[in-house]
Amino acid sequence: MKISILLSFLIIVQIAFSQEKTKPDSTGTLRSEMPGLSVSANDFDDEEENQDVYSLLQASRDVFVNTAGYTFGAARFRIRGYDSENTEVYFNGIQMNDHESGRVFWGTWGGLNDATRNKQYVNGLDKSDFAFGGIGGSAYIDGRASEQRKGTKANYAISNRSYTNRFMITHSTGVMENGFAVTVSGSRRWAQEGYKDATFYDAWGYFLAVEKKINSKHSIGITGFGSPSERGKSGGSTQEVYDLLDDNYYNPYWGYQDGEKRNSRVSSAHKPHSLLSHYWNPNSKTKITTSLGYAFGKYGSTALDWYNTADPRPDYYRYLPSYSSDPALAPAMAEAFIQNSQLDWDMFYRVNSESIDENGDLRAKYTIEERRTDYQEANANVIINHVLNDKVYLDGGASFSDYKGRHYKILDDLLGGDYSVDIDKFAERDNIESSNDDFYQNDLNNPNRIIYEGDEFGYNYTLNKQKYATWGQVQAKLSKVDLFGALNLSQTTFWRTGHMKNGKFPEDSYGDSEKQDFLNYGIKGGLTYKITGKHYLYAEGAYTTRAPYLRNAYVSPRTRDFVVKDLTSETIYSVEAGYHLRSPRIKARFTAYYTKFEDQTRVRSFYNDLYHNFTNHILTGIDRQNAGIEFGTEIKLTSTISTSLVAAMGENIYTNRPTAYIVQDNDASALEDPSIVYQTDFYQANGPQNAFSAGLSYRSPKYWFVNLNANYYHGAFIDFNPERRTLEAVANQDGTNAVVEDSELWEDILYQTEVPPAFTLDLFAGKSWRVDDKYYIYINLGVNNILNNQEFMTGGYEQLRYDYTDRNVDKFPPKYFYAYGTNYFALLGIRF
């Protein structure tokens, strides 16, 4: 009802102005253009696991954005150090950012490159005619059937990355005589094994858009798309493990079963979207786009679980030579690990076959569980664009979203056992001497429930979120100056609904929790000074507040509905200024930026050996800043040869001392008094702070091209453990046994690890032919990391466990990730 009222009100708004909308002056606007179809390095796929904004950034013609979006992607570089929640992405007017994390998951429409090729990208704080935008910009994917290029396009590609084969086909009718336009697209990407061991891949994609032009003022379009996928995952490990195996691409998640590789970590995802859009031009100067969206689906990821038996992980720290205090044992432990460096599936089945209960049945000790999230969301959005006169443009809109994400576990495989029991194994162990059997029940409504394959167990709750938002913008285009200003306002409400009555928190786990409400707003503006038709200066700024994300709002949603203490909205300040040069031979942009985030919250969960329990590490009051410069230029040396230079130099750091506390899943009280985390001036773990690229390109008049790029990355830091940056990490609570300041141990505990700099060389080439003025055939080849740099470390993280007793930082060493060595992508396509 609320949606209908909102849409009806906005659609029937009457705007009575009379002047024609003029096209933006090509010498006076910096709004990104939508590129046409071209055969270049940008047609290559990014890696599927790269869930950042890179693939969409290729919609920009800005050389810096293009290079950062594709070339720098291998280094996990992020423009300005922003995560993807700071970029708003829309598909036919409906926002695609995840409701729980704010991030964008490109796999939702993976494999649909051709059907989603029409994009508009707005960089940074620049104005947008479809949304207020995030501090990292905004993007609009136009899936209208009438806007698709008429014809058929098919291509086949081979690679040695996440997948080894890809096939895509797309057909668009264009607008037919009956006013209909139809686009249909399908794809498959697959691999028996990707670049790393046991990383199989199987993904499909489908897209259907139908649009009916009713008359010159009204069109209605329906769009549906999805991309079901399943793949074997890989994980990082410690440098000790990589060195023992002489393999920086070691994957600890798999082992042999009956002679075949079996991966214990398998992710599967499918989130179909259905969109209904009404395009209305009430007069020649006004456009109103109304969209309704509905999406549902699931994401699941399997993992090993075990009960009252040995830890099965082959790289578990107790199995490594560094764990032993006796150096004489190290060689034997090293050899034992090398011989047993993968999962032992036969052992899992053998142990389960010997786990006989009093009735003669097999209670499984090793199982595979699937951690599931099922999605359901409804969205509505209205965008109004209007020209007041030849100098003033008005844009605005309103939206509503209703989201439900149900989180639970499924018993996926009993590994030869007959059954398992739905109890909390950690709570059972902690409560072994108590007569309170309720304490370790996952669900008091179904105590001691026997579970079989396919049954739900462990936890079961829904995170609910509703959001209303509106925004408005005015632009003024004068002879020497362009100005714009924008405002937004939103109301966010969220709550938890428990579907199990947890024995540890019977009054706080079942049913609806208290609702959390946040009113947020934002303001931004900017100006561009047009020195000449080629030279521009600009400056933009924004101040916004943002409601906390669901993933960081609850202490432990698996067991109870407690929210983080003093939960509040975060505040973001951002400014940027720069210079643009646009001439027939030289295009260049220089930008300086500064962004401050305040009052952020971060919640992370992990198994804590010190407490022998699943714990939640909570940081509140986090402040950080991202500042730096961006430079990109493309110079045409001749009619066929061009060169490009791109540089990103940033300093993305934390700027205060937040508060940390640890809470168990099994206990409502904090395990320790809140601690101050001394992380001021520590670096954010968001890829290299500095990235540089120099490119040389040749484009032949005979329709072939070759590009060579040399890239250098510097200043990437691993994610640090806040517990190691507290007073308790270097001294007892009474101040005794303190580590000597500035000693080697002091530095080992407190200093943040920087990964080594890296150099790579990339090559891209292509050739196209036109046959009988009807068929267009093209071949593309991309080879990344030609020099096969397998020491290219892209990042990592310190484990959240810490040895307070001996202060041995090597007991729980960091885990690292490495970029692929030489990898390629080759494509053959036809268009007609």
# chains A, B, ... in the order shown; residues from 1 in each chain; ligands from 1

call {"tool": "residues_around", "arguments": {"residues": "Tyr440 (chain A)", "least_positions_apart": "5", "cutoff": "10 Å", "atoms": "only C-alpha atoms", "output": "ChimeraX atom specification"}}
result
/A:422-432,447-448,502-504,666

call {"tool": "residues_around", "arguments": {"residues": "region 180-186 of chain A", "least_positions_apart": "5", "cutoff": "9 Å", "atoms": "only C-alpha atoms", "output": "PyMOL selection string"}}
result
chain A and resi 111-112+114-115+143-148+150+167-175+204-214

call {"tool": "residues_around", "arguments": {"residues": "Gly110 (chain A)", "least_positions_apart": "6", "cutoff": "10 Å", "atoms": "only C-alpha atoms", "output": "JSON, numbers by chain"}}
result
{"A": [45, 48, 116, 187, 188, 189, 203, 204, 205, 206, 225, 226, 227, 228, 229]}

call {"tool": "residues_around", "arguments": {"residues": "Asn552 (chain A)", "least_positions_apart": "4", "cutoff": "10 Å", "atoms": "only C-alpha atoms", "output": "list in words"}}
result
Glu100, Ser101, Pro548, Ser556, Val563, Val564, Leu567, Gln600, Thr601, Arg602, Val603, Arg604, Ile618, Leu619 and Thr620 of chain A

call {"tool": "residues_around", "arguments": {"residues": "Gly628 (chain A)", "least_positions_apart": "2", "cutoff": "10 Å", "atoms": "only C-alpha atoms", "output": "PyMOL selection string"}}
result
chain A and resi 80-81+576+591-595+626+630+648-652+689-690

call {"tool": "residues_around", "arguments": {"residues": "Asn445 (chain A)", "least_positions_apart": "6", "cutoff": "12 Å", "atoms": "only C-alpha atoms", "output": "VMD selection string"}}
result
chain A and resid 422 438 499 to 503 506 509 to 510

call {"tool": "closest_residue", "arguments": {"among": "A:Thr470, A:Asn165, A:Ser639, A:Thr571", "to": "Glu193 (chain A)", "atoms": "only C-alpha atoms"}}
result
A:Asn165

call {"tool": "atom_distance", "arguments": {"atom1": "CA of Tyr82 (chain A)", "atom2": "CA of Ile572 (chain A)"}}
result
12.2 Å

call {"tool": "select_by_dssp", "arguments": {"residues": "region 245-338 of chain A", "states": "alpha helix (DSSP H)", "output": "count of residues only"}}
result
10

call {"tool": "closest_residue", "arguments": {"among": "A:Ala765, A:Ala378, A:Ala334, A:Val755", "to": "Ala716 (chain A)", "atoms": "only C-alpha atoms"}}
result
A:Val755

call {"tool": "residues_around", "arguments": {"residues": "Phe348 (chain A)", "least_positions_apart": "5", "cutoff": "12 Å", "atoms": "only C-alpha atoms", "output": "PyMOL selection string"}}
result
chain A and resi 255-257+264+304-307+309-313+343+353-355+364-368+413-417

call {"tool": "select_by_dssp", "arguments": {"residues": "region 445-606 of chain A", "states": "strand (DSSP E or B)", "output": "ChimeraX atom specification"}}
result
/A:450-451,456-477,481-498,511-512,516-530,535-546,554,563,570-582,586-606

call {"tool": "atom_distance", "arguments": {"atom1": "CA of Glu369 (chain A)", "atom2": "CA of Tyr452 (chain A)"}}
result
11.2 Å

call {"tool": "decode", "arguments": {"residues": "region 315-469 of chain A", "atoms": "C-alpha atoms", "output": "short mmCIF file (atom, residue, chain, number, x, y, z; two decimals), in the first residue's frame"}}
result
data_model
loop_
_atom_site.label_atom_id
_atom_site.label_comp_id
_atom_site.auth_asym_id
_atom_site.auth_seq_id
_atom_site.Cartn_x
_atom_site.Cartn_y
_atom_site.Cartn_z
CA ASP A 315 47.21 -26.26 7.76
CA TYR A 316 45.96 -26.00 11.36
CA TYR A 317 48.67 -24.22 13.33
CA ARG A 318 49.25 -27.13 15.73
CA TYR A 319 50.29 -29.34 12.79
CA LEU A 320 53.04 -26.98 11.57
CA PRO A 321 56.74 -27.01 12.55
CA SER A 322 56.51 -23.50 14.01
CA TYR A 323 54.14 -24.76 16.72
CA SER A 324 56.73 -27.04 18.31
CA SER A 325 58.97 -25.57 21.02
CA ASP A 326 61.52 -28.31 20.31
CA PRO A 327 63.59 -27.50 17.19
CA ALA A 328 64.55 -31.16 16.89
CA LEU A 329 60.95 -32.04 16.05
CA ALA A 330 60.61 -29.43 13.30
CA PRO A 331 61.98 -31.55 10.40
CA ALA A 332 59.66 -34.45 11.20
CA MET A 333 56.66 -32.12 11.54
CA ALA A 334 57.56 -30.45 8.25
CA GLU A 335 57.72 -33.80 6.46
CA ALA A 336 54.46 -34.92 8.06
CA PHE A 337 52.73 -31.77 6.85
CA ILE A 338 54.10 -32.09 3.31
CA GLN A 339 52.79 -35.67 3.14
CA ASN A 340 49.41 -34.68 4.60
CA SER A 341 48.88 -31.18 3.24
CA GLN A 342 45.36 -31.80 1.92
CA LEU A 343 42.08 -32.92 3.48
CA ASP A 344 41.83 -36.63 4.27
CA TRP A 345 38.33 -37.55 3.12
CA ASP A 346 38.95 -41.26 3.70
CA MET A 347 39.72 -40.52 7.35
CA PHE A 348 36.45 -38.61 7.76
CA TYR A 349 34.45 -41.57 6.50
CA ARG A 350 36.47 -44.02 8.57
CA VAL A 351 35.98 -42.07 11.82
CA ASN A 352 32.26 -41.74 11.17
CA SER A 353 31.96 -45.46 10.44
CA GLU A 354 33.43 -46.18 13.89
CA SER A 355 31.22 -43.67 15.77
CA ILE A 356 28.58 -46.19 16.88
CA ASP A 357 25.99 -45.11 19.46
CA GLU A 358 24.12 -47.33 21.97
CA ASN A 359 21.50 -48.14 19.32
CA GLY A 360 24.05 -49.23 16.75
CA ASP A 361 23.59 -46.11 14.61
CA LEU A 362 26.42 -43.90 13.40
CA ARG A 363 26.50 -40.42 14.92
CA ALA A 364 28.66 -38.45 12.52
CA LYS A 365 31.68 -36.67 13.94
CA TYR A 366 32.68 -35.08 10.64
CA THR A 367 30.04 -33.42 8.50
CA ILE A 368 29.68 -30.88 5.71
CA GLU A 369 27.38 -27.98 6.50
CA GLU A 370 26.03 -25.32 4.17
CA ARG A 371 25.78 -21.79 5.52
CA ARG A 372 22.83 -20.31 3.71
CA THR A 373 21.27 -16.93 3.17
CA ASP A 374 17.94 -16.73 1.34
CA TYR A 375 17.00 -13.34 -0.05
CA GLN A 376 13.71 -11.67 -0.76
CA GLU A 377 13.34 -8.00 -1.61
CA ALA A 378 10.91 -5.58 -3.23
CA ASN A 379 11.96 -2.19 -4.57
CA ALA A 380 10.33 0.87 -6.08
CA ASN A 381 12.01 3.90 -7.58
CA VAL A 382 11.02 7.05 -9.43
CA ILE A 383 13.43 9.37 -11.28
CA ILE A 384 12.32 12.77 -12.64
CA ASN A 385 14.47 14.80 -15.02
CA HIS A 386 13.34 18.25 -16.11
CA VAL A 387 14.82 21.25 -17.88
CA LEU A 388 13.67 24.52 -16.36
CA ASN A 389 15.29 26.55 -19.12
CA ASP A 390 18.37 26.36 -21.32
CA LYS A 391 20.62 26.91 -18.30
CA VAL A 392 18.93 25.16 -15.38
CA TYR A 393 18.29 21.42 -15.05
CA LEU A 394 16.32 19.72 -12.27
CA ASP A 395 16.67 16.04 -11.26
CA GLY A 396 15.15 14.13 -8.38
CA GLY A 397 13.51 10.96 -7.22
CA ALA A 398 12.25 8.76 -4.45
CA SER A 399 12.61 5.08 -3.57
CA PHE A 400 11.40 2.39 -1.22
CA SER A 401 12.90 -1.00 -0.44
CA ASP A 402 11.79 -3.92 1.71
CA TYR A 403 14.36 -6.65 2.36
CA LYS A 404 14.41 -9.96 4.19
CA GLY A 405 17.51 -12.13 4.48
CA ARG A 406 17.07 -15.48 6.22
CA HIS A 407 20.28 -16.98 7.62
CA TYR A 408 20.52 -20.65 8.59
CA LYS A 409 22.54 -23.82 8.17
CA ILE A 410 21.76 -27.01 6.26
CA LEU A 411 23.31 -30.39 6.97
CA ASP A 412 24.76 -31.05 3.53
CA ASP A 413 26.65 -34.36 3.93
CA LEU A 414 26.96 -36.81 6.83
CA LEU A 415 30.08 -38.34 5.25
CA GLY A 416 28.93 -41.89 5.82
CA GLY A 417 27.25 -41.23 9.18
CA ASP A 418 23.59 -41.85 9.89
CA TYR A 419 22.65 -38.69 11.76
CA SER A 420 23.77 -35.74 13.84
CA VAL A 421 22.21 -33.82 16.74
CA ASP A 422 21.20 -30.16 16.68
CA ILE A 423 23.03 -28.88 19.76
CA ASP A 424 25.71 -26.25 20.37
CA LYS A 425 28.91 -28.25 20.82
CA PHE A 426 30.75 -25.35 22.45
CA ALA A 427 27.94 -24.74 24.95
CA GLU A 428 27.68 -28.47 25.66
CA ARG A 429 31.37 -28.62 26.55
CA ASP A 430 31.17 -25.50 28.72
CA ASN A 431 28.10 -26.87 30.49
CA ILE A 432 29.33 -30.44 30.98
CA GLU A 433 29.08 -30.35 34.78
CA SER A 434 25.71 -28.58 34.89
CA SER A 435 22.27 -30.17 34.99
CA ASN A 436 20.87 -27.40 32.75
CA ASP A 437 20.38 -29.28 29.50
CA ASP A 438 18.58 -26.29 28.00
CA PHE A 439 21.79 -24.28 27.86
CA TYR A 440 23.28 -26.09 24.88
CA GLN A 441 20.08 -26.38 22.85
CA ASN A 442 20.08 -24.53 19.55
CA ASP A 443 16.29 -24.59 19.57
CA LEU A 444 14.32 -25.10 22.78
CA ASN A 445 11.21 -25.62 20.65
CA ASN A 446 12.87 -28.77 19.27
CA PRO A 447 15.40 -29.96 21.89
CA ASN A 448 17.98 -32.66 21.07
CA ARG A 449 16.60 -32.88 17.57
CA ILE A 450 18.02 -35.65 15.40
CA ILE A 451 19.00 -34.18 12.04
CA TYR A 452 19.68 -35.77 8.68
CA GLU A 453 21.02 -34.59 5.34
CA GLY A 454 18.98 -31.64 4.06
CA ASP A 455 17.73 -30.58 7.51
CA GLU A 456 18.08 -27.03 8.80
CA PHE A 457 19.98 -26.66 12.08
CA GLY A 458 22.30 -24.52 14.17
CA TYR A 459 20.72 -21.11 13.78
CA ASN A 460 17.80 -19.67 11.86
CA TYR A 461 16.97 -15.98 11.82
CA THR A 462 15.87 -13.26 9.41
CA LEU A 463 17.31 -9.77 9.11
CA ASN A 464 14.61 -7.33 8.01
CA LYS A 465 15.21 -3.90 6.55
CA GLN A 466 12.99 -1.16 5.17
CA LYS A 467 14.24 2.07 3.68
CA TYR A 468 12.54 5.19 2.31
CA ALA A 469 14.68 7.73 0.46
#
